[in-house]
Every structure is written in C-alpha cells, then in structure tokens.
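Visitor: Input file: input.cif. Contents: mmCIF, C-alpha atoms and all ligand atoms.
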```cif
data_run
loop_
_atom_site.group_PDB
_atom_site.id
_atom_site.type_symbol
_atom_site.label_atom_id
_atom_site.label_comp_id
_atom_site.auth_asym_id
_atom_site.auth_seq_id
_atom_site.Cartn_x
_atom_site.Cartn_y
_atom_site.Cartn_z
ATOM 1 C CA MET A 21 -1.849 27.604 -12.015
ATOM 2 C CA ASP A 22 -0.635 24.695 -14.125
ATOM 3 C CA THR A 23 -1.487 21.507 -12.284
ATOM 4 C CA ARG A 24 0.927 18.588 -12.652
ATOM 5 C CA VAL A 25 -0.846 15.231 -12.870
ATOM 6 C CA ILE A 26 1.448 12.647 -11.283
ATOM 7 C CA ASP A 27 1.618 9.604 -13.555
ATOM 8 C CA GLY A 28 1.742 6.566 -11.268
ATOM 9 C CA VAL A 29 1.812 4.163 -14.193
ATOM 10 C CA ALA A 30 4.984 5.657 -15.675
ATOM 11 C CA LEU A 31 6.749 5.881 -12.320
ATOM 12 C CA ALA A 32 5.742 2.325 -11.415
ATOM 13 C CA ARG A 33 7.121 1.112 -14.752
ATOM 14 C CA ARG A 34 10.496 2.751 -14.067
ATOM 15 C CA LEU A 35 10.724 1.371 -10.538
ATOM 16 C CA ARG A 36 9.705 -2.125 -11.656
ATOM 17 C CA GLU A 37 12.642 -2.177 -14.059
ATOM 18 C CA ALA A 38 15.057 -1.721 -11.147
ATOM 19 C CA ILE A 39 13.183 -4.323 -9.085
ATOM 20 C CA ARG A 40 13.387 -6.784 -11.980
ATOM 21 C CA GLU A 41 17.176 -6.362 -12.063
ATOM 22 C CA ARG A 42 17.455 -7.083 -8.342
ATOM 23 C CA ALA A 43 15.224 -10.161 -8.700
ATOM 24 C CA ALA A 44 17.373 -11.384 -11.619
ATOM 25 C CA GLU A 45 20.507 -10.935 -9.517
ATOM 26 C CA LEU A 46 19.006 -13.141 -6.805
ATOM 27 C CA ALA A 47 17.804 -15.702 -9.361
ATOM 28 C CA LYS A 48 21.344 -15.985 -10.743
ATOM 29 C CA ARG A 49 22.429 -17.177 -7.309
ATOM 30 C CA GLY A 50 19.551 -19.684 -7.107
ATOM 31 C CA ARG A 51 17.526 -17.463 -4.770
ATOM 32 C CA THR A 52 14.552 -16.399 -6.879
ATOM 33 C CA PRO A 53 12.256 -14.280 -4.673
ATOM 34 C CA GLY A 54 8.981 -16.036 -3.817
ATOM 35 C CA LEU A 55 5.637 -14.485 -2.835
ATOM 36 C CA VAL A 56 2.399 -16.139 -1.708
ATOM 37 C CA ALA A 57 -0.889 -14.232 -1.595
ATOM 38 C CA ILE A 58 -3.731 -15.762 0.395
ATOM 39 C CA ARG A 59 -7.271 -14.668 -0.315
ATOM 40 C CA VAL A 60 -10.302 -15.821 1.662
ATOM 41 C CA GLY A 61 -13.853 -15.561 0.321
ATOM 42 C CA ASP A 62 -15.383 -13.895 -2.711
ATOM 43 C CA ASP A 63 -14.806 -10.148 -2.351
ATOM 44 C CA PRO A 64 -14.680 -9.037 -6.017
ATOM 45 C CA ALA A 65 -12.291 -6.111 -5.409
ATOM 46 C CA SER A 66 -9.868 -8.405 -3.521
ATOM 47 C CA LYS A 67 -9.903 -10.843 -6.450
ATOM 48 C CA VAL A 68 -8.863 -8.057 -8.822
ATOM 49 C CA TYR A 69 -6.157 -6.754 -6.473
ATOM 50 C CA VAL A 70 -4.624 -10.174 -5.886
ATOM 51 C CA SER A 71 -4.646 -11.134 -9.555
ATOM 52 C CA THR A 72 -2.867 -7.843 -10.347
ATOM 53 C CA LYS A 73 -0.250 -8.618 -7.684
ATOM 54 C CA MET A 74 0.295 -12.071 -9.193
ATOM 55 C CA ARG A 75 0.607 -10.694 -12.746
ATOM 56 C CA VAL A 76 3.135 -8.038 -11.731
ATOM 57 C CA SER A 77 5.138 -10.626 -9.737
ATOM 58 C CA VAL A 78 5.646 -12.618 -12.925
ATOM 59 C CA GLU A 79 6.612 -9.452 -14.831
ATOM 60 C CA VAL A 80 9.411 -8.621 -12.397
ATOM 61 C CA GLY A 81 10.681 -12.188 -12.024
ATOM 62 C CA ILE A 82 9.188 -13.069 -8.641
ATOM 63 C CA TYR A 83 7.889 -16.616 -8.227
ATOM 64 C CA SER A 84 4.302 -16.322 -6.984
ATOM 65 C CA GLU A 85 1.462 -18.483 -5.739
ATOM 66 C CA HIS A 86 -2.141 -17.542 -5.111
ATOM 67 C CA VAL A 87 -3.901 -19.491 -2.354
ATOM 68 C CA GLU A 88 -7.685 -19.144 -2.593
ATOM 69 C CA LEU A 89 -9.757 -20.282 0.373
ATOM 70 C CA GLY A 90 -13.553 -20.428 0.542
ATOM 71 C CA ALA A 91 -15.547 -17.905 2.597
ATOM 72 C CA ASP A 92 -16.159 -20.680 5.163
ATOM 73 C CA ALA A 93 -12.430 -21.332 5.763
ATOM 74 C CA THR A 94 -11.656 -21.353 9.480
ATOM 75 C CA GLU A 95 -9.138 -19.237 11.336
ATOM 76 C CA GLU A 96 -7.250 -22.424 12.258
ATOM 77 C CA GLU A 97 -7.005 -23.449 8.622
ATOM 78 C CA LEU A 98 -5.606 -20.070 7.677
ATOM 79 C CA LEU A 99 -3.142 -20.186 10.583
ATOM 80 C CA ARG A 100 -1.950 -23.651 9.483
ATOM 81 C CA ARG A 101 -1.365 -22.376 5.954
ATOM 82 C CA ILE A 102 0.635 -19.429 7.255
ATOM 83 C CA GLN A 103 2.738 -21.616 9.546
ATOM 84 C CA ALA A 104 3.609 -23.915 6.639
ATOM 85 C CA LEU A 105 4.634 -20.913 4.507
ATOM 86 C CA ASN A 106 6.676 -19.430 7.372
ATOM 87 C CA ALA A 107 8.767 -22.624 7.281
ATOM 88 C CA GLU A 108 9.101 -22.726 3.477
ATOM 89 C CA PRO A 109 12.550 -21.363 2.493
ATOM 90 C CA ARG A 110 11.618 -20.660 -1.150
ATOM 91 C CA ILE A 111 8.890 -18.248 -0.024
ATOM 92 C CA HIS A 112 10.150 -14.844 1.156
ATOM 93 C CA GLY A 113 6.898 -12.893 1.233
ATOM 94 C CA ILE A 114 3.460 -13.832 2.584
ATOM 95 C CA LEU A 115 0.444 -11.592 2.285
ATOM 96 C CA VAL A 116 -3.110 -12.161 3.406
ATOM 97 C CA GLN A 117 -5.459 -9.969 1.405
ATOM 98 C CA LEU A 118 -7.727 -7.846 3.595
ATOM 99 C CA PRO A 119 -10.533 -7.566 4.498
ATOM 100 C CA LEU A 120 -11.012 -11.073 5.886
ATOM 101 C CA PRO A 121 -14.454 -12.586 6.579
ATOM 102 C CA LYS A 122 -15.865 -11.469 9.941
ATOM 103 C CA HIS A 123 -15.435 -14.858 11.649
ATOM 104 C CA ILE A 124 -11.648 -14.587 11.313
ATOM 105 C CA ALA A 125 -9.665 -12.391 13.742
ATOM 106 C CA THR A 126 -7.479 -10.264 11.459
ATOM 107 C CA ASP A 127 -5.003 -9.417 14.250
ATOM 108 C CA ARG A 128 -4.343 -13.079 15.025
ATOM 109 C CA ILE A 129 -3.700 -13.791 11.357
ATOM 110 C CA LEU A 130 -1.364 -10.858 10.803
ATOM 111 C CA GLU A 131 0.587 -11.726 13.948
ATOM 112 C CA ALA A 132 1.075 -15.306 12.720
ATOM 113 C CA ILE A 133 3.044 -14.223 9.653
ATOM 114 C CA ALA A 134 6.808 -14.398 10.276
ATOM 115 C CA PRO A 135 7.879 -10.722 10.583
ATOM 116 C CA GLU A 136 10.747 -11.283 8.117
ATOM 117 C CA LYS A 137 8.203 -12.476 5.516
ATOM 118 C CA ASP A 138 5.610 -9.793 6.268
ATOM 119 C CA VAL A 139 5.923 -7.880 2.991
ATOM 120 C CA ASP A 140 2.712 -5.938 3.716
ATOM 121 C CA GLY A 141 4.347 -4.482 6.847
ATOM 122 C CA PHE A 142 1.262 -5.188 8.990
ATOM 123 C CA HIS A 143 2.873 -7.357 11.715
ATOM 124 C CA PRO A 144 3.216 -5.470 15.036
ATOM 125 C CA CYS A 145 7.009 -5.948 14.811
ATOM 126 C CA ASN A 146 7.183 -4.119 11.515
ATOM 127 C CA VAL A 147 4.681 -1.500 12.671
ATOM 128 C CA GLY A 148 6.907 -0.919 15.723
ATOM 129 C CA LEU A 149 10.061 -0.655 13.602
ATOM 130 C CA LEU A 150 8.359 1.953 11.434
ATOM 131 C CA ALA A 151 7.058 3.865 14.449
ATOM 132 C CA THR A 152 10.535 4.038 15.998
ATOM 133 C CA GLY A 153 12.148 5.193 12.772
ATOM 134 C CA GLN A 154 13.894 1.948 11.724
ATOM 135 C CA PRO A 155 11.548 0.761 8.977
ATOM 136 C CA ARG A 156 11.978 -2.767 7.567
ATOM 137 C CA PHE A 157 8.834 -3.454 5.529
ATOM 138 C CA VAL A 158 6.739 -0.326 5.074
ATOM 139 C CA PRO A 159 3.048 -0.845 4.153
ATOM 140 C CA CYS A 160 2.843 -0.699 0.381
ATOM 141 C CA THR A 161 0.357 2.125 -0.228
ATOM 142 C CA PRO A 162 2.017 4.749 1.997
ATOM 143 C CA ALA A 163 5.439 3.605 0.710
ATOM 144 C CA GLY A 164 4.162 4.195 -2.816
ATOM 145 C CA VAL A 165 2.903 7.669 -1.909
ATOM 146 C CA MET A 166 6.298 8.567 -0.412
ATOM 147 C CA ALA A 167 8.066 7.361 -3.561
ATOM 148 C CA MET A 168 5.778 9.593 -5.641
ATOM 149 C CA LEU A 169 6.407 12.638 -3.449
ATOM 150 C CA GLU A 170 10.145 12.056 -3.549
ATOM 151 C CA THR A 171 10.281 11.558 -7.317
ATOM 152 C CA GLU A 172 8.252 14.726 -7.849
ATOM 153 C CA GLY A 173 10.696 16.626 -5.649
ATOM 154 C CA ILE A 174 7.987 17.698 -3.216
ATOM 155 C CA ALA A 175 9.502 19.172 -0.058
ATOM 156 C CA LEU A 176 8.057 17.819 3.196
ATOM 157 C CA ASP A 177 10.290 19.303 5.889
ATOM 158 C CA GLY A 178 8.308 21.808 7.921
ATOM 159 C CA ARG A 179 5.218 21.558 5.728
ATOM 160 C CA GLU A 180 1.639 20.910 6.796
ATOM 161 C CA ALA A 181 0.326 17.465 5.836
ATOM 162 C CA VAL A 182 -3.267 16.411 6.390
ATOM 163 C CA ILE A 183 -4.261 12.772 6.033
ATOM 164 C CA ILE A 184 -7.916 11.852 5.779
ATOM 165 C CA GLY A 185 -8.332 8.307 7.121
ATOM 166 C CA ARG A 186 -6.867 6.538 10.143
ATOM 167 C CA SER A 187 -6.580 2.931 8.938
ATOM 168 C CA ASN A 188 -3.702 0.661 9.902
ATOM 169 C CA ILE A 189 -3.092 0.032 6.201
ATOM 170 C CA VAL A 190 -2.804 3.622 4.997
ATOM 171 C CA GLY A 191 -3.591 6.522 7.359
ATOM 172 C CA LYS A 192 -1.451 5.620 10.373
ATOM 173 C CA PRO A 193 1.701 4.492 8.524
ATOM 174 C CA MET A 194 1.325 7.448 6.145
ATOM 175 C CA ALA A 195 1.383 9.782 9.153
ATOM 176 C CA LEU A 196 4.550 8.167 10.524
ATOM 177 C CA LEU A 197 6.363 8.412 7.190
ATOM 178 C CA LEU A 198 5.458 12.075 6.674
ATOM 179 C CA LEU A 199 6.412 12.817 10.274
ATOM 180 C CA GLN A 200 9.825 11.237 9.737
ATOM 181 C CA LYS A 201 10.361 13.590 6.808
ATOM 182 C CA GLY A 202 9.715 16.598 9.025
ATOM 183 C CA ALA A 203 6.093 17.375 8.099
ATOM 184 C CA THR A 204 3.597 18.624 10.664
ATOM 185 C CA VAL A 205 0.966 15.920 10.437
ATOM 186 C CA THR A 206 -2.762 15.951 11.159
ATOM 187 C CA ILE A 207 -4.867 12.804 10.852
ATOM 188 C CA CYS A 208 -8.543 13.471 10.148
ATOM 189 C CA HIS A 209 -11.225 10.771 10.245
ATOM 190 C CA SER A 210 -14.936 10.125 10.402
ATOM 191 C CA ARG A 211 -15.265 11.872 13.796
ATOM 192 C CA THR A 212 -13.307 14.971 12.803
ATOM 193 C CA GLN A 213 -15.284 18.199 13.155
ATOM 194 C CA ASP A 214 -15.055 20.569 10.209
ATOM 195 C CA LEU A 215 -12.777 18.588 7.914
ATOM 196 C CA SER A 216 -12.324 21.533 5.536
ATOM 197 C CA SER A 217 -10.783 23.707 8.242
ATOM 198 C CA HIS A 218 -7.932 21.173 8.382
ATOM 199 C CA THR A 219 -7.543 20.394 4.696
ATOM 200 C CA ARG A 220 -7.555 24.072 3.688
ATOM 201 C CA ARG A 221 -4.409 24.627 5.771
ATOM 202 C CA ALA A 222 -2.545 21.727 4.216
ATOM 203 C CA ASP A 223 0.396 21.869 1.819
ATOM 204 C CA ILE A 224 -0.103 18.154 1.248
ATOM 205 C CA VAL A 225 -3.456 16.359 1.446
ATOM 206 C CA VAL A 226 -3.642 12.556 1.395
ATOM 207 C CA ALA A 227 -7.192 11.241 1.001
ATOM 208 C CA ALA A 228 -7.666 7.623 2.085
ATOM 209 C CA VAL A 229 -11.222 7.043 3.270
ATOM 210 C CA GLY A 230 -13.111 5.371 0.429
ATOM 211 C CA ARG A 231 -15.710 8.130 -0.099
ATOM 212 C CA PRO A 232 -16.133 9.038 -3.769
ATOM 213 C CA HIS A 233 -15.230 12.657 -4.530
ATOM 214 C CA LEU A 234 -15.129 13.639 -0.838
ATOM 215 C CA VAL A 235 -12.396 16.219 -1.386
ATOM 216 C CA GLY A 236 -13.462 19.042 -3.699
ATOM 217 C CA ALA A 237 -11.607 22.163 -4.839
ATOM 218 C CA GLY A 238 -13.189 24.230 -2.050
ATOM 219 C CA MET A 239 -11.430 22.065 0.535
ATOM 220 C CA VAL A 240 -7.840 22.607 -0.573
ATOM 221 C CA LYS A 241 -5.592 25.637 -0.719
ATOM 222 C CA PRO A 242 -4.216 26.905 -4.026
ATOM 223 C CA GLY A 243 -0.897 25.241 -4.844
ATOM 224 C CA ALA A 244 -1.406 22.229 -2.576
ATOM 225 C CA VAL A 245 -0.276 18.688 -3.410
ATOM 226 C CA VAL A 246 -3.254 16.310 -3.438
ATOM 227 C CA ILE A 247 -2.722 12.559 -3.237
ATOM 228 C CA ASP A 248 -5.741 10.339 -3.839
ATOM 229 C CA VAL A 249 -5.559 6.874 -2.286
ATOM 230 C CA GLY A 250 -9.291 6.129 -2.689
ATOM 231 C CA ILE A 251 -10.533 3.493 -5.108
ATOM 232 C CA ASN A 252 -14.330 3.568 -5.320
ATOM 233 C CA ARG A 253 -16.584 1.760 -7.767
ATOM 234 C CA LEU A 254 -19.661 3.852 -8.640
ATOM 235 C CA SER A 255 -23.029 2.260 -9.461
ATOM 236 C CA ASP A 256 -22.421 3.017 -13.165
ATOM 237 C CA GLY A 257 -19.218 0.936 -12.992
ATOM 238 C CA ARG A 258 -16.778 3.869 -13.070
ATOM 239 C CA LEU A 259 -13.706 3.770 -10.827
ATOM 240 C CA VAL A 260 -13.141 7.058 -8.976
ATOM 241 C CA GLY A 261 -11.022 8.286 -6.099
ATOM 242 C CA ASP A 262 -11.789 10.219 -2.917
ATOM 243 C CA VAL A 263 -10.842 13.445 -4.711
ATOM 244 C CA ALA A 264 -12.946 15.318 -7.272
ATOM 245 C CA PHE A 265 -10.064 15.169 -9.759
ATOM 246 C CA GLN A 266 -11.367 17.554 -12.435
ATOM 247 C CA SER A 267 -12.081 20.266 -9.874
ATOM 248 C CA MET A 268 -8.406 20.259 -8.803
ATOM 249 C CA LEU A 269 -7.034 21.089 -12.244
ATOM 250 C CA GLY A 270 -5.840 24.684 -12.359
ATOM 251 C CA LYS A 271 -6.044 25.081 -8.578
ATOM 252 C CA VAL A 272 -3.469 22.742 -7.044
ATOM 253 C CA ALA A 273 0.219 22.175 -7.842
ATOM 254 C CA CYS A 274 0.006 18.383 -8.154
ATOM 255 C CA VAL A 275 -2.714 15.760 -8.080
ATOM 256 C CA THR A 276 -2.779 11.993 -8.580
ATOM 257 C CA PRO A 277 -5.428 10.465 -10.849
ATOM 258 C CA VAL A 278 -7.605 7.402 -10.155
ATOM 259 C CA PRO A 279 -7.001 5.038 -11.821
ATOM 260 C CA GLY A 280 -3.343 5.405 -12.767
ATOM 261 C CA GLY A 281 -2.040 7.157 -9.661
ATOM 262 C CA VAL A 282 -1.296 5.508 -6.324
ATOM 263 C CA GLY A 283 -2.690 2.063 -7.305
ATOM 264 C CA PRO A 284 0.189 0.950 -9.557
ATOM 265 C CA MET A 285 2.658 2.255 -6.963
ATOM 266 C CA THR A 286 1.128 0.086 -4.219
ATOM 267 C CA VAL A 287 1.707 -3.072 -6.234
ATOM 268 C CA THR A 288 5.226 -1.933 -7.113
ATOM 269 C CA MET A 289 6.115 -1.435 -3.446
ATOM 270 C CA LEU A 290 4.895 -4.964 -2.700
ATOM 271 C CA MET A 291 7.356 -6.216 -5.289
ATOM 272 C CA ALA A 292 10.126 -4.093 -3.786
ATOM 273 C CA ASN A 293 9.364 -5.451 -0.303
ATOM 274 C CA THR A 294 9.386 -9.035 -1.577
ATOM 275 C CA VAL A 295 12.748 -8.615 -3.296
ATOM 276 C CA ARG A 296 14.074 -6.946 -0.140
ATOM 277 C CA ALA A 297 12.821 -9.897 1.964
ATOM 278 C CA ALA A 298 14.652 -12.284 -0.374
ATOM 279 C CA GLU A 299 17.823 -10.167 -0.234
ATOM 280 C CA LEU A 300 17.718 -10.077 3.577
ATOM 281 C CA ALA A 301 17.125 -13.855 3.740
ATOM 282 C CA SER A 302 19.998 -14.423 1.347
ATOM 283 C CA ARG A 303 22.321 -12.272 3.485
ATOM 284 C CA ALA A 304 21.274 -14.097 6.653
ATOM 285 C CA ALA A 305 21.845 -17.542 5.079
HETATM 286 N N1 LIG B 401 -6.456 -4.571 1.358
HETATM 287 C C1 LIG B 401 -6.389 -3.279 0.987
HETATM 288 N N2 LIG B 401 -5.112 -2.887 0.852
HETATM 289 C C2 LIG B 401 -4.345 -3.941 1.174
HETATM 290 C C3 LIG B 401 -2.935 -4.150 1.229
HETATM 291 O O1 LIG B 401 -2.104 -3.277 0.970
HETATM 292 N N3 LIG B 401 -2.552 -5.397 1.591
HETATM 293 C C4 LIG B 401 -3.430 -6.378 1.891
HETATM 294 N N4 LIG B 401 -2.963 -7.570 2.251
HETATM 295 N N5 LIG B 401 -4.743 -6.217 1.858
HETATM 296 C C5 LIG B 401 -5.194 -4.998 1.494
#
```
Please go through the file and, once you have read it, give me the structure as structure tokens.
Ligand code: GUN

Guide:
Amino acid sequence: MDTRVIDGVALARRLREAIRERAAELAKRGRTPGLVAIRVGDDPASKVYVSTKMRVSVEVGIYSEHVELGADATEEELLRRIQALNAEPRIHGILVQLPLPKHIATDRILEAIAPEKDVDGFHPCNVGLLATGQPRFVPCTPAGVMAMLETEGIALDGREAVIIGRSNIVGKPMALLLLQKGATVTICHSRTQDLSSHTRRADIVVAAVGRPHLVGAGMVKPGAVVIDVGINRLSDGRLVGDVAFQSMLGKVACVTPVPGGVGPMTVTMLMANTVRAAELASRAA
C-alpha cells in the first residue's frame, strides 16, 4: 500500500494565509488581534514552544507579548497578571504555557482566564461548550488534528477511532471532537490492558502519550490512519513522535511525521482561535 505522509507544514502555511487575511481585516478597523503568552520557570521545551507561538503571531499579523516569570513566581502573582490582562481591551487571547511549576495550582490559573480570551480552550466554560457540542475555543492540538483529517478527506462517521492518552490538553478533547463527527471512540491510557488489542481494531489511531516510538507497525491494521501527537527528545538530541514512523510506511493509508506533522498545526490553531476571539470581541463591542 502507498502510504500518504500528511504534510503539516504545507497545510499550516495555507491556513495561516487565510488567518493573516482575517487579522488584516480586523487591523483595518483598528482592532488588531492581541495575544499574550505567559511562561513560568525554565522548562526548555516550553521556551521553544512559546517562542514559536510568538514568531508565528508576528507572521500572521497578531500583536503578541511574551511574559516570562521566574520559577519562584507565586500563584497570586500569576493570578494578578491574568486579571490585568482580562481587563486589557487590546488583548484578545491569553495563554499560560503548561506545565506550571508544582507549587502553582494549574486549575486555579486556567479558571482565572476570562473564558472569552481563553484561546487554549482549557477553561471549564470552553471545555463544557465543547462537550455539549457548541464549541467556542477548541484546544489547539486536537483542533489541528481535525483540520488535517478534514483536509485529507478522511471519513470519520461510523469509523473506529482509538486515542492513546487521556490528557485534558489532547486526549479528552480529541475524543469529543471525533465523537461529534460520528466516530466510535476508545480512549486508551497508562492503565489500559493490552493496548494493541484496541489499536489493531482502529481505522484512526491518535497517539498522544509522550512515549517515543510506542506505536509500531504490529499495533495498527493495514490501511489505518495514524496521527502522531507525540514530541519526544531522545538522548542523542533527535526529535521523534510516539509512532515508529518508518515502520508505518507501506502498511497504513496515512501517517503524520514528527517533526512537520501535528506541531505546526497546533500553533496555527492558536492563531485561528486568537483571531476568532478578536472577531467575537469586535462584534460584541
Ligand atoms: N503545553 C503543551 N501543550 C500546550 C498547549 O496547547 N497550550 C498550553 N498553554 N500549554 C501546553
């Protein structure tokens, strides 16, 4: 079987063009979209992710600010920052890069972000809207995966989807989105017995656990669609996904590479959510 490698870089580039046009339209009316990313501490991966988000913001015409707080920043300090940004009309999107240091309660922080500025889609209000089928801001990684599936013309209605990973950021929202498109959804996780027995049934496998090369060719059925959300840094410095990419070639219908697959789509969806937040604010004004 010829395996199609889904090019996330090319798709992200196309979508960013449309986002740039929407941002320019807002800017013409004096309503340039604004995004603030807050990062706490020294996690090297978070630094890379946030600087990418800032760079892409500039590319699409979103005003952006990066707030960097030391690892000893208190929860109260972070809450004060968020409250100030909630009240700032030029800022339409606020994101707090996760994970946060252990002394800060992530739930309290995410709940402090005004739901209409929650471009990550992590506030319970936005989670609830997604769960009840009226999505406002959909978490960026699963939104990016859905955009890839749609662009590739992959049918979901009535198909078996297996997600590996149950995080609030990827696994759970991914399940809701696939469910809304009519897929039969299974969420597997670290306590799942016999993972392969689930993945081998799947028409669509989404791997999102952060375990290098966890999913090999023996775990998927011929002709499946395999989406790799993992980003793992090996000790030799290489960046790899949760899927053994090479082993999929010739066996599955579609696979996403790492890097160059879901990653660029995640950042693109953040831009789309920020422009949407600015459009909604502009309509409400
Ligand atoms: N950490 C890992 N993924 C994400 C994400 O999509 N948003 C934020 N804020 N932090 C993350």

Visitor: If the PyMOL selection byres (((chain A and resi 44-46) around 10) and not hetatm) were run on this exact file, what residues would it hold? Put them as a PyMOL selection string.

Guide: chain A and resi 38-43+47-53+80-82+295+298-299+302

Visitor: If you take all atoms listed in the file and a cut-off of 7 Å, which residues of chain A touch ligand LIG 401 (chain B), and what are their nearest atom pairs and distances in Å to one decimal, in chain and number order, as a tab-separated table?

Guide:
```
residue	atom	partner	partner_atom	distance
A:Leu115	CA	B:LIG401	N4	5.3
A:Val116	CA	B:LIG401	N4	4.7
A:Gln117	CA	B:LIG401	N4	3.6
A:Leu118	CA	B:LIG401	N5	3.8
A:Pro119	CA	B:LIG401	N1	6.0
A:Asp140	CA	B:LIG401	N3	5.7
A:Pro159	CA	B:LIG401	O1	6.5
A:Cys160	CA	B:LIG401	O1	5.6
A:Thr161	CA	B:LIG401	O1	6.1
A:Ile189	CA	B:LIG401	O1	6.3
A:Thr286	CA	B:LIG401	O1	7.0
```

Visitor: If the PyMOL selection byres (((chain A and resi 36) around 10) and not hetatm) were run on this exact file, what residues would it hold? Put them as a short mmCIF file (atom, residue, chain, number, x, y, z; two decimals) with C-alpha atoms, in the frame of the given file.

Guide:
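Dumped everything to part-v7.cif:
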```
data_model
loop_
_atom_site.label_atom_id
_atom_site.label_comp_id
_atom_site.auth_asym_id
_atom_site.auth_seq_id
_atom_site.Cartn_x
_atom_site.Cartn_y
_atom_site.Cartn_z
CA ALA A 30 4.98 5.66 -15.68
CA LEU A 31 6.75 5.88 -12.32
CA ALA A 32 5.74 2.33 -11.42
CA ARG A 33 7.12 1.11 -14.75
CA ARG A 34 10.50 2.75 -14.07
CA LEU A 35 10.72 1.37 -10.54
CA GLU A 37 12.64 -2.18 -14.06
CA ALA A 38 15.06 -1.72 -11.15
CA ILE A 39 13.18 -4.32 -9.09
CA ARG A 40 13.39 -6.78 -11.98
CA GLU A 41 17.18 -6.36 -12.06
CA ARG A 42 17.45 -7.08 -8.34
CA VAL A 76 3.14 -8.04 -11.73
CA SER A 77 5.14 -10.63 -9.74
CA GLU A 79 6.61 -9.45 -14.83
CA VAL A 80 9.41 -8.62 -12.40
CA MET A 285 2.66 2.26 -6.96
CA VAL A 287 1.71 -3.07 -6.23
CA THR A 288 5.23 -1.93 -7.11
CA MET A 289 6.12 -1.44 -3.45
CA MET A 291 7.36 -6.22 -5.29
CA ALA A 292 10.13 -4.09 -3.79
#
```

Visitor: May I have the residues within 7 Å of segment 57-67 of chain A as a PyMOL selection string, using only C-alpha atoms and disregarding those fewer than 3 positions away in the same chain?

Guide: chain A and resi 70-71+85-91+114-117+120-121

Visitor: For the structure provided, state which residues fall under the PyMOL selection byres (((chain A and resi 273-281) around 6) and not hetatm), and present them as a ChimeraX atom specification.

Guide: /A:23-29,243-248,260-261,272,282-283

Visitor: Which residues of segment 217-256 of chain A have any atom within 10 Å of an atom in segment 192-206 of chain A when counting only C-alpha atoms, and what is the closest pair of atoms for each, with the distance in Å to one decimal? Order the rows by chain and rising number and write it as a tab-separated table.

Guide:
```
residue	atom	partner	partner_atom	distance
A:His218	CA	A:Thr206	CA	7.9
A:Thr219	CA	A:Thr206	CA	9.2
A:Ala222	CA	A:Thr206	CA	9.0
A:Asp223	CA	A:Ala203	CA	9.6
A:Ile224	CA	A:Ala203	CA	9.3
A:Val225	CA	A:Thr206	CA	9.7
A:Val226	CA	A:Met194	CA	8.6
A:Ala228	CA	A:Met194	CA	9.9
```

Visitor: Between atom CA of Ser210 of chain A and atom CA of Asn252 of chain A, what is the spacing in Å?

Guide: 17.0 Å

Visitor: Measure the distance from atom CA of Pro232 of chain A to atom CA of Gly270 of chain A in Å and round it to one decimal.

Guide: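 Those two atoms sit 20.6 Å apart.
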
Visitor: (-6.6, 13.0, 8.6) in this file's frame - what residues fall within 8 Å of it? Use only C-alpha atoms and give the answer as a ChimeraX atom specification.

Guide: /A:182-186,191,206-209,226-227

Visitor: Create the file for the chosen residues now, containing C-alpha atoms and written as a PDB file, in the coordinates of the input.

Guide:
```pdb
ATOM      1  CA  VAL A 182      -3.267  16.411   6.390  1.00  0.00           C
ATOM      2  CA  ILE A 183      -4.261  12.772   6.033  1.00  0.00           C
ATOM      3  CA  ILE A 184      -7.916  11.852   5.779  1.00  0.00           C
ATOM      4  CA  GLY A 185      -8.332   8.307   7.121  1.00  0.00           C
ATOM      5  CA  ARG A 186      -6.867   6.538  10.143  1.00  0.00           C
ATOM      6  CA  GLY A 191      -3.591   6.522   7.359  1.00  0.00           C
ATOM      7  CA  THR A 206      -2.762  15.951  11.159  1.00  0.00           C
ATOM      8  CA  ILE A 207      -4.867  12.804  10.852  1.00  0.00           C
ATOM      9  CA  CYS A 208      -8.543  13.471  10.148  1.00  0.00           C
ATOM     10  CA  HIS A 209     -11.225  10.771  10.245  1.00  0.00           C
ATOM     11  CA  VAL A 226      -3.642  12.556   1.395  1.00  0.00           C
ATOM     12  CA  ALA A 227      -7.192  11.241   1.001  1.00  0.00           C
TER      13      ALA A 227
END
```

Visitor: Looking at all atoms listed in the file, which of A:Ile174, A:Leu215, A:Ala264, A:Leu259 is the one that sits closest to Ala237 of chain A?

Guide: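 Nearest candidate to Ala237 of chain A out of A:Ile174, A:Leu215, A:Ala264, A:Leu259: A:Ala264.
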
Visitor: How far is it from atom CA of Gln154 of chain A to atom CA of Leu99 of chain A, in Å with one decimal?

Guide: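 Computed distance, atom CA of Gln154 of chain A to atom CA of Leu99 of chain A, equals 28.0 Å.
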
Visitor: Closest to Gly236 of chain A among A:Gln266, A:Ser255, A:Thr126, A:Thr212, using all atoms listed in the file?

Guide: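 Using all atoms listed in the file, Gly236 of chain A sits closest to A:Gln266.
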